[in-house]
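**Q** upload18.txt (compact mmCIF, C-alpha atoms and all ligand atoms) pasted underneath:
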# COMPACT_ATOMS: atom_id res chain seq x y z
CA MET F 1 0.00 0.00 0.00
CA ASP F 2 1.18 3.51 -0.83
CA PHE F 3 0.78 5.55 2.38
CA ALA F 4 1.16 8.91 0.64
CA ASP F 5 -2.02 10.90 -0.15
CA THR F 6 -2.87 11.43 -3.82
CA PRO F 7 -2.89 15.17 -4.73
CA GLU F 8 -6.70 15.13 -4.51
CA ASP F 9 -6.66 13.43 -1.08
CA ALA F 10 -3.95 15.81 0.15
CA ALA F 11 -6.11 18.79 -0.85
CA PHE F 12 -9.10 17.24 0.95
CA ARG F 13 -6.98 16.68 4.08
CA ALA F 14 -5.66 20.24 4.04
CA GLU F 15 -9.13 21.76 3.55
CA LEU F 16 -10.58 19.67 6.38
CA ARG F 17 -7.69 20.42 8.75
CA GLN F 18 -8.10 24.12 8.08
CA TRP F 19 -11.86 23.98 8.64
CA LEU F 20 -11.49 22.08 11.92
CA ASP F 21 -8.79 24.48 13.15
CA ALA F 22 -11.10 27.40 12.44
CA ASN F 23 -14.35 25.90 13.76
CA LEU F 24 -13.75 23.27 16.46
CA SER F 25 -13.75 25.26 19.69
CA ASP F 26 -11.96 24.08 22.84
CA ASP F 27 -15.18 23.49 24.77
CA LEU F 28 -16.17 20.84 22.21
CA LYS F 29 -12.86 18.97 22.24
CA VAL F 30 -12.55 15.67 24.09
CA ASP F 31 -9.64 13.57 25.23
CA ASP F 32 -9.38 10.07 26.63
CA ALA F 33 -9.74 11.32 30.20
CA GLN F 34 -13.45 11.47 29.40
CA ASP F 35 -15.67 8.58 28.40
CA GLN F 36 -17.98 10.52 26.17
CA ARG F 37 -19.26 8.23 23.44
CA VAL F 38 -22.65 9.19 24.85
CA ALA F 39 -22.91 12.82 25.99
CA PRO F 40 -22.81 13.04 29.81
CA ASP F 41 -25.81 15.40 30.01
CA ARG F 42 -28.45 17.15 27.87
CA GLU F 43 -26.52 20.40 27.77
CA THR F 44 -23.49 18.70 26.21
CA LEU F 45 -25.79 16.80 23.89
CA ALA F 46 -27.40 20.07 22.68
CA ARG F 47 -23.94 21.58 22.04
CA ARG F 48 -22.90 18.51 20.05
CA ILE F 49 -26.13 18.50 18.02
CA ALA F 50 -25.44 22.14 17.09
CA TRP F 51 -21.87 21.12 16.19
CA GLN F 52 -23.03 18.24 13.96
CA LYS F 53 -25.45 20.61 12.21
CA LYS F 54 -22.63 23.06 11.57
CA MET F 55 -20.42 20.30 10.19
CA HIS F 56 -23.26 19.01 8.04
CA ALA F 57 -23.98 22.46 6.59
CA ALA F 58 -20.31 22.67 5.61
CA GLY F 59 -20.41 19.20 3.97
CA TRP F 60 -18.37 17.28 6.56
CA VAL F 61 -20.89 14.63 7.67
CA GLY F 62 -21.48 11.43 5.67
CA ILE F 63 -18.29 11.86 3.65
CA SER F 64 -18.73 8.68 1.60
CA TRP F 65 -22.55 8.64 1.61
CA PRO F 66 -24.39 9.29 -1.68
CA THR F 67 -25.22 12.94 -2.35
CA GLU F 68 -28.93 12.17 -2.95
CA TYR F 69 -29.26 11.37 0.77
CA GLY F 70 -27.30 14.39 1.95
CA GLY F 71 -23.80 12.86 1.94
CA ARG F 72 -20.68 14.29 0.35
CA GLY F 73 -20.38 11.49 -2.24
CA ALA F 74 -16.60 11.21 -1.76
CA GLY F 75 -14.61 7.97 -1.96
CA PHE F 76 -14.01 5.72 1.03
CA MET F 77 -10.35 6.84 1.25
CA GLN F 78 -11.54 10.36 2.05
CA GLN F 79 -13.76 8.92 4.77
CA VAL F 80 -10.62 7.35 6.27
CA ILE F 81 -8.77 10.68 6.03
CA PHE F 82 -11.73 12.39 7.66
CA ASP F 83 -11.63 9.93 10.59
CA GLU F 84 -7.87 10.44 11.04
CA GLU F 85 -8.09 14.24 11.00
CA TYR F 86 -11.20 14.45 13.16
CA PHE F 87 -9.57 12.21 15.75
CA ARG F 88 -6.33 14.21 15.61
CA ALA F 89 -8.29 17.43 16.20
CA ARG F 90 -10.04 15.77 19.22
CA GLY F 91 -13.54 16.27 17.81
CA PRO F 92 -16.35 14.81 19.96
CA ILE F 93 -18.16 11.66 18.88
CA LEU F 94 -21.17 12.95 16.99
CA PRO F 95 -24.53 12.54 18.71
CA CYS F 96 -25.74 10.59 15.74
CA ALA F 97 -22.68 8.31 15.53
CA SER F 98 -24.66 5.07 15.75
CA GLY F 99 -27.10 6.49 13.19
CA ILE F 100 -24.23 7.24 10.82
CA GLY F 101 -21.94 4.27 11.49
CA LEU F 102 -24.48 1.52 12.11
CA LEU F 103 -28.06 2.14 11.00
CA GLY F 104 -27.40 4.52 8.11
CA ALA F 105 -24.64 2.34 6.70
CA THR F 106 -26.99 -0.66 6.97
CA LEU F 107 -29.94 1.14 5.33
CA ILE F 108 -27.76 2.11 2.36
CA HIS F 109 -27.42 -1.65 1.71
CA TRP F 110 -30.81 -2.97 2.83
CA GLY F 111 -33.33 -0.10 2.98
CA THR F 112 -36.09 0.60 0.46
CA GLU F 113 -35.77 3.83 -1.51
CA GLU F 114 -38.52 5.36 0.69
CA GLN F 115 -36.65 4.37 3.86
CA LYS F 116 -33.40 5.85 2.58
CA GLN F 117 -35.11 9.12 1.62
CA ARG F 118 -36.98 9.27 4.91
CA TYR F 119 -34.19 8.43 7.40
CA LEU F 120 -30.73 9.09 5.99
CA PRO F 121 -30.84 12.91 5.64
CA LYS F 122 -32.10 13.33 9.22
CA ILE F 123 -29.28 11.14 10.54
CA LEU F 124 -26.70 13.38 8.89
CA SER F 125 -28.35 16.60 10.05
CA ALA F 126 -28.66 15.29 13.66
CA ASP F 127 -32.41 15.87 13.58
CA GLU F 128 -32.94 12.27 14.68
CA ILE F 129 -30.73 10.37 17.10
CA TRP F 130 -30.66 6.56 17.08
CA CYS F 131 -29.96 3.72 19.50
CA GLN F 132 -29.33 0.02 18.93
CA GLY F 133 -31.91 -2.39 20.40
CA TYR F 134 -30.14 -5.75 20.08
CA SER F 135 -29.13 -7.23 23.47
CA GLU F 136 -31.64 -8.64 25.93
CA PRO F 137 -31.27 -10.03 29.46
CA GLY F 138 -31.14 -13.56 27.96
CA ALA F 139 -29.57 -12.77 24.57
CA GLY F 140 -26.14 -11.17 24.23
CA SER F 141 -23.44 -13.39 22.71
CA ASP F 142 -26.16 -15.71 21.49
CA LEU F 143 -28.10 -12.81 20.03
CA ALA F 144 -30.29 -14.99 17.82
CA SER F 145 -32.07 -16.35 20.89
CA LEU F 146 -33.70 -12.95 21.47
CA ARG F 147 -37.30 -13.05 22.68
CA THR F 148 -38.75 -9.56 22.19
CA ARG F 149 -41.86 -10.44 20.21
CA ALA F 150 -43.56 -8.60 17.35
CA ILE F 151 -46.98 -9.83 16.27
CA ASP F 152 -48.21 -9.09 12.75
CA ARG F 153 -51.53 -7.19 12.86
CA GLY F 154 -52.01 -6.46 9.16
CA ASP F 155 -50.66 -2.96 8.56
CA HIS F 156 -48.60 -2.86 11.78
CA PHE F 157 -46.70 -4.95 14.33
CA VAL F 158 -47.32 -4.98 18.08
CA VAL F 159 -44.06 -5.27 20.06
CA ASN F 160 -43.63 -6.62 23.60
CA GLY F 161 -40.36 -7.37 25.40
CA GLN F 162 -37.20 -5.93 26.93
CA LYS F 163 -33.79 -4.79 25.69
CA VAL F 164 -30.76 -4.03 27.87
CA TRP F 165 -27.39 -2.20 27.62
CA THR F 166 -28.98 0.13 25.07
CA SER F 167 -26.36 2.90 24.71
CA GLY F 168 -27.80 6.41 24.54
CA ALA F 169 -31.46 5.26 24.56
CA HIS F 170 -32.22 8.04 27.07
CA PHE F 171 -31.42 10.62 24.33
CA ALA F 172 -32.60 8.65 21.29
CA ASP F 173 -35.52 9.57 19.02
CA TRP F 174 -35.45 6.21 17.22
CA CYS F 175 -34.28 2.65 17.81
CA PHE F 176 -33.25 -0.03 15.33
CA LEU F 177 -34.77 -3.02 17.02
CA LEU F 178 -34.48 -6.78 16.61
CA VAL F 179 -37.70 -8.71 17.25
CA ARG F 180 -38.91 -12.27 16.90
CA THR F 181 -41.69 -12.48 14.33
CA ASP F 182 -41.79 -16.28 13.93
CA PRO F 183 -41.25 -18.20 17.18
CA ASP F 184 -41.58 -21.58 15.41
CA ALA F 185 -38.87 -21.07 12.79
CA PRO F 186 -35.18 -22.00 13.43
CA LYS F 187 -33.92 -19.13 15.57
CA HIS F 188 -31.95 -17.28 12.86
CA HIS F 189 -34.94 -17.32 10.51
CA GLY F 190 -37.66 -15.91 12.75
CA ILE F 191 -36.12 -12.50 13.42
CA SER F 192 -37.08 -9.15 11.86
CA TYR F 193 -35.40 -5.72 11.91
CA LEU F 194 -37.68 -2.80 12.80
CA LEU F 195 -37.30 0.97 13.07
CA VAL F 196 -39.14 2.15 16.17
CA ASP F 197 -40.03 5.71 17.14
CA MET F 198 -38.99 5.99 20.82
CA LYS F 199 -41.90 8.36 21.47
CA THR F 200 -44.46 5.63 20.66
CA PRO F 201 -46.72 4.88 23.68
CA GLY F 202 -45.50 1.79 25.55
CA VAL F 203 -41.73 2.50 25.27
CA THR F 204 -40.06 2.96 28.70
CA VAL F 205 -36.36 3.80 29.16
CA ARG F 206 -34.60 3.16 32.51
CA PRO F 207 -30.98 4.36 32.82
CA LEU F 208 -28.12 2.14 34.06
CA VAL F 209 -24.95 3.74 35.47
CA LEU F 210 -21.45 2.50 34.56
CA LEU F 211 -18.71 1.51 37.02
CA ASN F 212 -16.94 4.83 36.35
CA GLY F 213 -20.09 6.84 37.10
CA HIS F 214 -21.09 7.64 33.50
CA ARG F 215 -24.69 7.43 32.40
CA HIS F 216 -24.18 5.55 29.20
CA PHE F 217 -26.77 2.86 28.69
CA ASN F 218 -30.26 1.74 29.63
CA GLU F 219 -32.90 -0.92 29.93
CA VAL F 220 -35.71 -0.38 27.42
CA PHE F 221 -39.15 -1.93 27.86
CA PHE F 222 -41.74 -2.38 25.08
CA GLU F 223 -45.36 -2.85 26.05
CA ASP F 224 -47.90 -3.19 23.21
CA VAL F 225 -45.85 -0.82 21.07
CA VAL F 226 -47.40 -0.25 17.62
CA VAL F 227 -44.87 -0.17 14.74
CA PRO F 228 -46.07 0.50 11.16
CA LYS F 229 -45.25 -2.20 8.59
CA GLU F 230 -43.28 0.24 6.44
CA ASN F 231 -40.70 0.34 9.27
CA LEU F 232 -39.55 -3.21 8.51
CA VAL F 233 -36.02 -3.33 7.03
CA GLY F 234 -35.32 -6.28 4.71
CA GLN F 235 -37.64 -9.29 4.53
CA LEU F 236 -40.01 -10.40 7.28
CA ASN F 237 -38.33 -13.14 9.38
CA GLU F 238 -35.03 -12.65 7.49
CA GLY F 239 -33.77 -9.75 9.62
CA TRP F 240 -30.70 -11.75 10.68
CA LYS F 241 -29.00 -10.87 7.39
CA VAL F 242 -29.60 -7.16 8.08
CA THR F 243 -28.47 -7.62 11.70
CA THR F 244 -25.18 -9.12 10.56
CA THR F 245 -24.49 -6.19 8.24
CA THR F 246 -24.90 -3.77 11.16
CA LEU F 247 -22.60 -5.91 13.34
CA MET F 248 -19.90 -5.97 10.63
CA PHE F 249 -19.98 -2.17 10.47
CA GLU F 250 -19.84 -2.03 14.27
CA ARG F 251 -16.85 -4.39 14.58
CA GLY F 252 -14.99 -3.02 11.56
CA GLY F 253 -15.07 0.44 13.17
CA ALA F 254 -14.37 -0.77 16.72
CA GLY F 255 -11.15 -1.42 18.62
CA GLY F 256 -10.16 2.22 19.22
CA ARG F 257 -7.65 4.44 17.45
CA ASP F 258 -5.97 6.34 20.24
CA HIS F 259 -3.63 3.61 21.52
CA ALA F 260 -0.44 5.21 20.20
CA ALA F 261 -1.34 8.56 21.81
CA GLN F 262 -2.00 6.86 25.15
CA ILE F 263 1.29 4.95 25.04
CA ALA F 264 3.17 8.16 24.18
CA ARG F 265 1.63 9.77 27.29
CA LEU F 266 2.70 6.78 29.39
CA VAL F 267 6.26 7.17 28.06
CA GLU F 268 6.28 10.82 29.19
CA LEU F 269 4.85 9.84 32.56
CA ALA F 270 7.41 7.02 33.04
CA LYS F 271 10.24 9.51 32.47
CA LYS F 272 9.10 11.48 35.52
CA PHE F 273 7.26 9.01 37.73
CA PRO F 274 9.55 7.78 40.53
CA THR F 275 9.89 4.11 41.42
CA ARG F 276 12.47 3.27 44.09
CA GLN F 277 13.77 6.88 43.90
CA GLU F 278 14.50 6.64 40.13
CA PRO F 279 12.26 7.53 37.20
CA ALA F 280 10.43 4.39 36.07
CA TRP F 281 11.94 4.93 32.61
CA ASP F 282 15.36 3.89 33.98
CA ASP F 283 14.03 0.37 34.44
CA SER F 284 14.70 -1.58 31.22
CA HIS F 285 11.74 -3.88 31.92
CA ILE F 286 9.40 -0.86 31.90
CA ARG F 287 10.92 0.36 28.62
CA GLN F 288 10.51 -3.08 27.06
CA GLN F 289 6.85 -3.24 28.01
CA LEU F 290 6.24 0.22 26.55
CA ALA F 291 8.07 -0.75 23.36
CA GLN F 292 5.91 -3.86 23.01
CA LEU F 293 2.71 -1.82 23.44
CA MET F 294 3.91 0.63 20.78
CA ILE F 295 4.72 -2.23 18.36
CA ASP F 296 1.23 -3.66 18.90
CA ALA F 297 -0.40 -0.26 18.29
CA LYS F 298 1.51 0.08 15.02
CA ALA F 299 0.55 -3.46 13.97
CA LEU F 300 -3.10 -2.62 14.60
CA GLN F 301 -2.88 0.58 12.56
CA VAL F 302 -1.35 -1.24 9.59
CA THR F 303 -3.84 -4.12 9.83
CA ARG F 304 -6.67 -1.58 9.70
CA LEU F 305 -5.25 -0.14 6.49
CA ARG F 306 -4.87 -3.63 5.00
CA GLY F 307 -8.60 -4.19 5.49
CA LEU F 308 -9.45 -1.13 3.38
CA THR F 309 -9.34 -2.96 0.05
CA ARG F 310 -12.81 -4.41 0.44
CA ARG F 311 -14.29 -1.05 1.46
CA LEU F 312 -12.59 0.72 -1.44
CA ARG F 313 -14.48 -1.68 -3.74
CA GLY F 314 -17.72 -0.35 -2.19
CA GLU F 315 -18.49 -3.55 -0.25
CA PRO F 316 -19.61 -3.59 3.41
CA PRO F 317 -16.98 -4.77 5.92
CA GLY F 318 -16.56 -8.53 6.32
CA PRO F 319 -15.87 -10.80 9.33
CA GLU F 320 -12.20 -9.72 9.33
CA GLY F 321 -13.39 -6.60 11.21
CA SER F 322 -13.45 -8.93 14.24
CA ILE F 323 -9.63 -8.92 14.15
CA LEU F 324 -9.55 -5.14 14.69
CA LYS F 325 -12.24 -5.32 17.35
CA LEU F 326 -10.48 -8.14 19.24
CA PHE F 327 -6.92 -6.86 19.02
CA GLY F 328 -7.80 -3.19 19.60
CA SER F 329 -9.98 -3.75 22.66
CA GLU F 330 -7.52 -6.24 24.17
CA LEU F 331 -4.65 -3.80 23.55
CA ALA F 332 -6.64 -1.11 25.38
CA THR F 333 -6.93 -3.38 28.43
CA ARG F 334 -3.19 -4.17 28.28
CA ILE F 335 -2.43 -0.43 28.23
CA ALA F 336 -4.73 0.05 31.22
CA ASP F 337 -3.14 -2.90 33.04
CA PHE F 338 0.34 -1.50 32.36
CA SER F 339 -0.69 1.93 33.65
CA SER F 340 -1.91 0.42 36.91
CA THR F 341 1.35 -1.60 37.26
CA LEU F 342 3.36 1.57 36.66
CA LEU F 343 1.34 3.87 38.88
CA GLY F 344 0.30 1.45 41.62
CA PRO F 345 -2.25 3.07 43.97
CA TYR F 346 -2.03 6.36 42.00
CA ALA F 347 -3.96 4.62 39.19
CA THR F 348 -7.06 4.64 41.35
CA LEU F 349 -6.97 8.38 42.15
CA GLU F 350 -9.33 10.60 40.23
CA VAL F 351 -7.64 13.85 41.27
CA ALA F 352 -4.37 15.34 40.04
CA THR F 353 -1.28 14.87 42.22
CA GLU F 354 2.23 16.18 41.81
CA ALA F 355 3.47 12.73 40.78
CA VAL F 356 0.58 12.06 38.37
CA PRO F 357 -0.95 15.32 37.10
CA ASP F 358 -3.39 13.49 34.81
CA ALA F 359 -4.46 10.84 37.34
CA GLU F 360 -8.08 11.15 36.21
CA ARG F 361 -7.15 9.86 32.77
CA TRP F 362 -5.52 6.69 34.10
CA ALA F 363 -8.19 6.01 36.71
CA HIS F 364 -10.73 6.25 33.91
CA ARG F 365 -8.67 3.92 31.69
CA VAL F 366 -8.31 1.29 34.41
CA LEU F 367 -12.05 1.32 35.12
CA GLY F 368 -13.24 1.81 31.56
CA ALA F 369 -11.04 -0.32 29.28
CA ARG F 370 -12.73 -3.65 29.89
CA GLN F 371 -16.08 -2.51 28.47
CA TYR F 372 -14.70 -2.45 24.92
CA THR F 373 -13.93 -6.17 25.12
CA ILE F 374 -17.68 -6.73 25.71
CA ALA F 375 -19.55 -4.06 23.68
CA GLY F 376 -20.31 -5.09 20.10
CA GLY F 377 -19.61 -8.78 20.91
CA THR F 378 -17.16 -10.17 23.48
CA SER F 379 -13.54 -11.16 22.77
CA GLU F 380 -14.47 -14.85 22.98
CA ILE F 381 -17.12 -14.35 20.31
CA GLN F 382 -14.66 -12.46 18.07
CA ARG F 383 -12.20 -15.38 18.44
CA ASN F 384 -14.92 -17.81 17.38
CA ILE F 385 -15.76 -15.65 14.32
CA ILE F 386 -12.09 -15.31 13.33
CA GLY F 387 -11.58 -19.07 13.73
CA GLU F 388 -14.67 -20.13 11.83
CA ARG F 389 -15.30 -17.38 9.27
CA VAL F 390 -11.89 -15.87 8.58
CA LEU F 391 -9.57 -18.88 9.04
CA GLY F 392 -12.14 -21.53 8.05
CA LEU F 393 -11.38 -23.74 11.07
CA PRO F 394 -13.89 -26.44 12.04
CA ARG F 395 -16.59 -25.41 14.54
CA GLY F 396 -15.77 -26.34 18.15
C1 LIG J 401 -20.30 -0.32 26.93
C2 LIG J 401 -21.32 -1.24 26.31
C3 LIG J 401 -22.24 -0.73 25.42
C4 LIG J 401 -23.21 -1.56 24.86
N1 LIG J 401 -24.16 -1.00 24.02
C5 LIG J 401 -25.13 -1.78 23.51
C6 LIG J 401 -26.14 -1.21 22.68
O1 LIG J 401 -26.17 0.00 22.42
N2 LIG J 401 -27.11 -2.01 22.21
C7 LIG J 401 -27.13 -3.36 22.46
O2 LIG J 401 -28.02 -4.03 21.96
N3 LIG J 401 -26.20 -3.94 23.26
C8 LIG J 401 -25.19 -3.18 23.78
N4 LIG J 401 -24.23 -3.74 24.60
C9 LIG J 401 -24.35 -5.16 24.97
C10 LIG J 401 -23.30 -6.09 24.37
O3 LIG J 401 -23.54 -6.27 22.99
C11 LIG J 401 -23.36 -7.42 25.14
O4 LIG J 401 -22.99 -7.14 26.49
C12 LIG J 401 -22.45 -8.47 24.57
O5 LIG J 401 -22.90 -8.89 23.30
C13 LIG J 401 -22.31 -9.70 25.50
O6 LIG J 401 -23.55 -10.18 25.87
P1 LIG J 401 -23.91 -10.45 27.41
O7 LIG J 401 -23.58 -9.22 28.19
O8 LIG J 401 -25.33 -10.93 27.45
O9 LIG J 401 -22.92 -11.59 27.89
P2 LIG J 401 -23.11 -13.17 27.68
O10 LIG J 401 -23.50 -13.42 26.25
O11 LIG J 401 -24.00 -13.69 28.74
O12 LIG J 401 -21.64 -13.70 27.89
C14 LIG J 401 -21.10 -13.96 29.20
C15 LIG J 401 -19.71 -14.56 29.04
O13 LIG J 401 -19.77 -15.83 28.35
C16 LIG J 401 -18.90 -15.83 27.21
N5 LIG J 401 -19.50 -16.60 26.12
C17 LIG J 401 -20.81 -16.57 25.73
N6 LIG J 401 -21.00 -17.37 24.66
C18 LIG J 401 -19.78 -17.91 24.34
C19 LIG J 401 -19.31 -18.82 23.33
N7 LIG J 401 -20.13 -19.30 22.40
N8 LIG J 401 -17.98 -19.15 23.31
C20 LIG J 401 -17.13 -18.64 24.23
N9 LIG J 401 -17.52 -17.77 25.23
C21 LIG J 401 -18.83 -17.42 25.28
C22 LIG J 401 -18.80 -14.36 26.81
O14 LIG J 401 -17.63 -14.12 26.06
C23 LIG J 401 -18.79 -13.66 28.18
O15 LIG J 401 -17.48 -13.69 28.72
C24 LIG J 401 -23.25 -2.95 25.18
C25 LIG J 401 -22.30 -3.48 26.07
C26 LIG J 401 -21.34 -2.64 26.63
C27 LIG J 401 -20.34 -3.23 27.59
What would the structure in this file look like if it were written as structure tokens?
Ligand SMILES: Cc1cc2nc3c(=O)[nH]c(=O)nc-3n(C[C@H](O)[C@H](O)[C@H](O)COP(=O)(O)OP(=O)(O)OC[C@H]3O[C@@H](n4cnc5c(N)ncnc54)[C@H](O)[C@@H]3O)c2cc1C
**A**
Amino acid sequence: MDFADTPEDAAFRAELRQWLDANLSDDLKVDDAQDQRVAPDRETLARRIAWQKKMHAAGWVGISWPTEYGGRGAGFMQQVIFDEEYFRARGPILPCASGIGLLGATLIHWGTEEQKQRYLPKILSADEIWCQGYSEPGAGSDLASLRTRAIDRGDHFVVNGQKVWTSGAHFADWCFLLVRTDPDAPKHHGISYLLVDMKTPGVTVRPLVLLNGHRHFNEVFFEDVVVPKENLVGQLNEGWKVTTTTLMFERGGAGGRDHAAQIARLVELAKKFPTRQEPAWDDSHIRQQLAQLMIDAKALQVTRLRGLTRRLRGEPPGPEGSILKLFGSELATRIADFSSTLLGPYATLEVATEAVPDAERWAHRVLGARQYTIAGGTSEIQRNIIGERVLGLPRG
């Protein structure tokens, strides 16, 4: 792969960098001391909605989406450049990130023309915020055993059941929801994929609080919720195919991208942080561990680029996205584990000290890293997918 930008891509990068420098104000910027995939409160959410609208008006949302649905119509490579530059500038995750990255991307492949016209532009303009209604108390890794039921009543479905771990449901206008429409069919063939207005009577959202204090996800209850038939995506009872597309987008984009920046911060910290009177950096074992983490971060970055070929052909991501998800989330926990070995009890402090001025960052890392090995499918499940669907090994 040629890592250099083409002249056209270089011009795109420069224009974007300039626009972000001029428009992304400090109060919007985030760093990894904050776990802000879901805005922490309504005020922040409102600021980020305004920010997404501003970006959209300037043509910076939905870079590779078709222009007829409000996208920029650029190639996938420019989407990659956008992600790199936006991350570098410390832009906040957009309030409609799961609408853009999961549902919208799925609808482009599976939606009817009416559904695309109806939903895609409002995702890009942040007029409608989405959440993902997949997991249930008895269906996580084995998602196809989900029990939320939708009964066909002619021109509509009636939905009853419960979802759990629904990120951002407390702010969402809409939910892409998996339901069982045929309880007698083999479990992968009785599922349908519905778009549900969260304001419909019978939808109840109850927040759950994370270990690190963030309000991130929820339980969502459905009691006799009426969903019009036109909100079905794909074929009735064949929603598993649509579900899998969404999961591939989720895993292909997961794993995190800020590992190298975190390791660089740990290097700086190790040069000052005293162990047995000396800076930790003087210990060759510490330096070796940091070098190994840096090598792994580089390997992940290059593996991500290797996977671009398929996307550049316009195809949705394949099961190989599980490699990025598995390696990236496990690397994040190894970085967190190393930081707690280095800092000892300081890794649990959430206030700055002279020895560790950014203690909050590391305390957050130690408490927060594990969640990425679970969200979007656990590490064990990613290993099974890599074994069976990427390497073609026999099923265990
Ligand atoms: C931060 C976060 C955000 C999330 N957001 C959402 C969301 O927005 N929407 C949504 O629908 N869900 C969401 N989830 C839920 C997530 O998808 C599930 O937690 C995940 O799929 C695991 O399911 P489970 O929690 O039911 O665990 P289980 O499936 O009960 O698994 C328990 C343990 O058993 C292991 N295990 C299970 N089956 C196998 C197997 N076949 N082989 C080997 N090991 C196995 C698992 O790896 C795990 O260690 C979120 C989760 C997190 C942590």
**Q** Using all atoms listed in the file, which protein or nucleic acid residues are at most 6 Å from ligand LIG 401 (chain J), as a PyMOL selection string?
**A** chain F and resi 132-135+139-142+165-167+371+374-378+380-381
**Q** Might you pull out every residue within 7 Å of Ala126 of chain F, with all atoms listed in the file counted and same-chain residues fewer than 4 positions away left off, and present them as a list in words?
**A**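 The filter keeps Ile49, Gln52, Lys53, Cys96 and Lys122 of chain F.
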**Q** Near segment 176-192 of chain F, counting only C-alpha atoms, which residues have an atom at most 9 Å away, once you skip same-chain residues fewer than 4 positions from it, shown as number ranges by chain?
**A** F: 103, 130-135, 144-152, 159-161, 163, 196, 232-243
**Q** So how many Å separate atom CA of Lys272 of chain F and atom CA of Ala352 of chain F, to one decimal?
**A**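 Rounded to one decimal, the two atoms are 14.7 Å apart.
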**Q** Figure out the distance between atom CA of Glu268 of chain F and atom CA of Leu367 of chain F, please, to one decimal in Å.
**A**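 About the pair atom CA of Leu367 of chain F and atom CA of Glu268 of chain F: they are 21.5 Å apart.
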**Q** Calculate how many Å separate atom CA of Thr246 of chain F from atom CA of Gly59 of chain F, rounding to one decimal.
**A**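 Between these atoms lies a distance of 24.5 Å.
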**Q** Given all atoms listed in the file as the basis, pick out the residue of F:Ala39, F:Ala336, F:Leu120, F:Leu210 nearest to Leu102 of chain F.
**A**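 Of F:Ala39, F:Ala336, F:Leu120, F:Leu210, the one nearest Leu102 of chain F, counting all atoms listed in the file, is F:Leu120.
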**Q** Quick one: of F:Ala332, F:Ala264, F:Ala169, F:Val80, who's nearest to Gly62 of chain F, counting only C-alpha atoms?
**A**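 Once distances to Gly62 of chain F are computed over only C-alpha atoms, the minimum belongs to F:Val80.
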**Q** Starting from the incomplete input, reconstruct N, CA, C and O atoms of segment 241-250 of chain F and write that as a PDB file, in the frame of the given file.
**A**
ATOM      1  N   LYS F 241     -29.984 -11.311   8.397  1.00  0.00           N
ATOM      2  CA  LYS F 241     -29.000 -10.870   7.390  1.00  0.00           C
ATOM      3  C   LYS F 241     -28.702  -9.369   7.586  1.00  0.00           C
ATOM      4  O   LYS F 241     -27.564  -8.929   7.481  1.00  0.00           O
ATOM      5  N   VAL F 242     -29.761  -8.607   7.864  1.00  0.00           N
ATOM      6  CA  VAL F 242     -29.600  -7.160   8.080  1.00  0.00           C
ATOM      7  C   VAL F 242     -28.802  -6.930   9.367  1.00  0.00           C
ATOM      8  O   VAL F 242     -27.876  -6.111   9.417  1.00  0.00           O
ATOM      9  N   THR F 243     -29.153  -7.705  10.399  1.00  0.00           N
ATOM     10  CA  THR F 243     -28.470  -7.620  11.700  1.00  0.00           C
ATOM     11  C   THR F 243     -26.963  -7.803  11.534  1.00  0.00           C
ATOM     12  O   THR F 243     -26.151  -7.066  12.104  1.00  0.00           O
ATOM     13  N   THR F 244     -26.592  -8.804  10.742  1.00  0.00           N
ATOM     14  CA  THR F 244     -25.180  -9.120  10.560  1.00  0.00           C
ATOM     15  C   THR F 244     -24.457  -7.968   9.872  1.00  0.00           C
ATOM     16  O   THR F 244     -23.322  -7.639  10.238  1.00  0.00           O
ATOM     17  N   THR F 245     -25.116  -7.342   8.911  1.00  0.00           N
ATOM     18  CA  THR F 245     -24.490  -6.190   8.240  1.00  0.00           C
ATOM     19  C   THR F 245     -24.166  -5.111   9.269  1.00  0.00           C
ATOM     20  O   THR F 245     -23.059  -4.561   9.304  1.00  0.00           O
ATOM     21  N   THR F 246     -25.141  -4.797  10.140  1.00  0.00           N
ATOM     22  CA  THR F 246     -24.900  -3.770  11.160  1.00  0.00           C
ATOM     23  C   THR F 246     -23.716  -4.178  12.052  1.00  0.00           C
ATOM     24  O   THR F 246     -22.841  -3.363  12.362  1.00  0.00           O
ATOM     25  N   LEU F 247     -23.683  -5.456  12.448  1.00  0.00           N
ATOM     26  CA  LEU F 247     -22.600  -5.910  13.340  1.00  0.00           C
ATOM     27  C   LEU F 247     -21.232  -5.802  12.664  1.00  0.00           C
ATOM     28  O   LEU F 247     -20.245  -5.463  13.303  1.00  0.00           O
ATOM     29  N   MET F 248     -21.188  -6.074  11.351  1.00  0.00           N
ATOM     30  CA  MET F 248     -19.900  -5.970  10.630  1.00  0.00           C
ATOM     31  C   MET F 248     -19.427  -4.510  10.632  1.00  0.00           C
ATOM     32  O   MET F 248     -18.241  -4.236  10.790  1.00  0.00           O
ATOM     33  N   PHE F 249     -20.367  -3.592  10.416  1.00  0.00           N
ATOM     34  CA  PHE F 249     -19.980  -2.170  10.470  1.00  0.00           C
ATOM     35  C   PHE F 249     -19.502  -1.825  11.873  1.00  0.00           C
ATOM     36  O   PHE F 249     -18.526  -1.093  12.045  1.00  0.00           O
ATOM     37  N   GLU F 250     -20.196  -2.357  12.887  1.00  0.00           N
ATOM     38  CA  GLU F 250     -19.840  -2.030  14.270  1.00  0.00           C
ATOM     39  C   GLU F 250     -18.426  -2.541  14.587  1.00  0.00           C
ATOM     40  O   GLU F 250     -17.591  -1.819  15.122  1.00  0.00           O
TER      41      GLU F 250
END
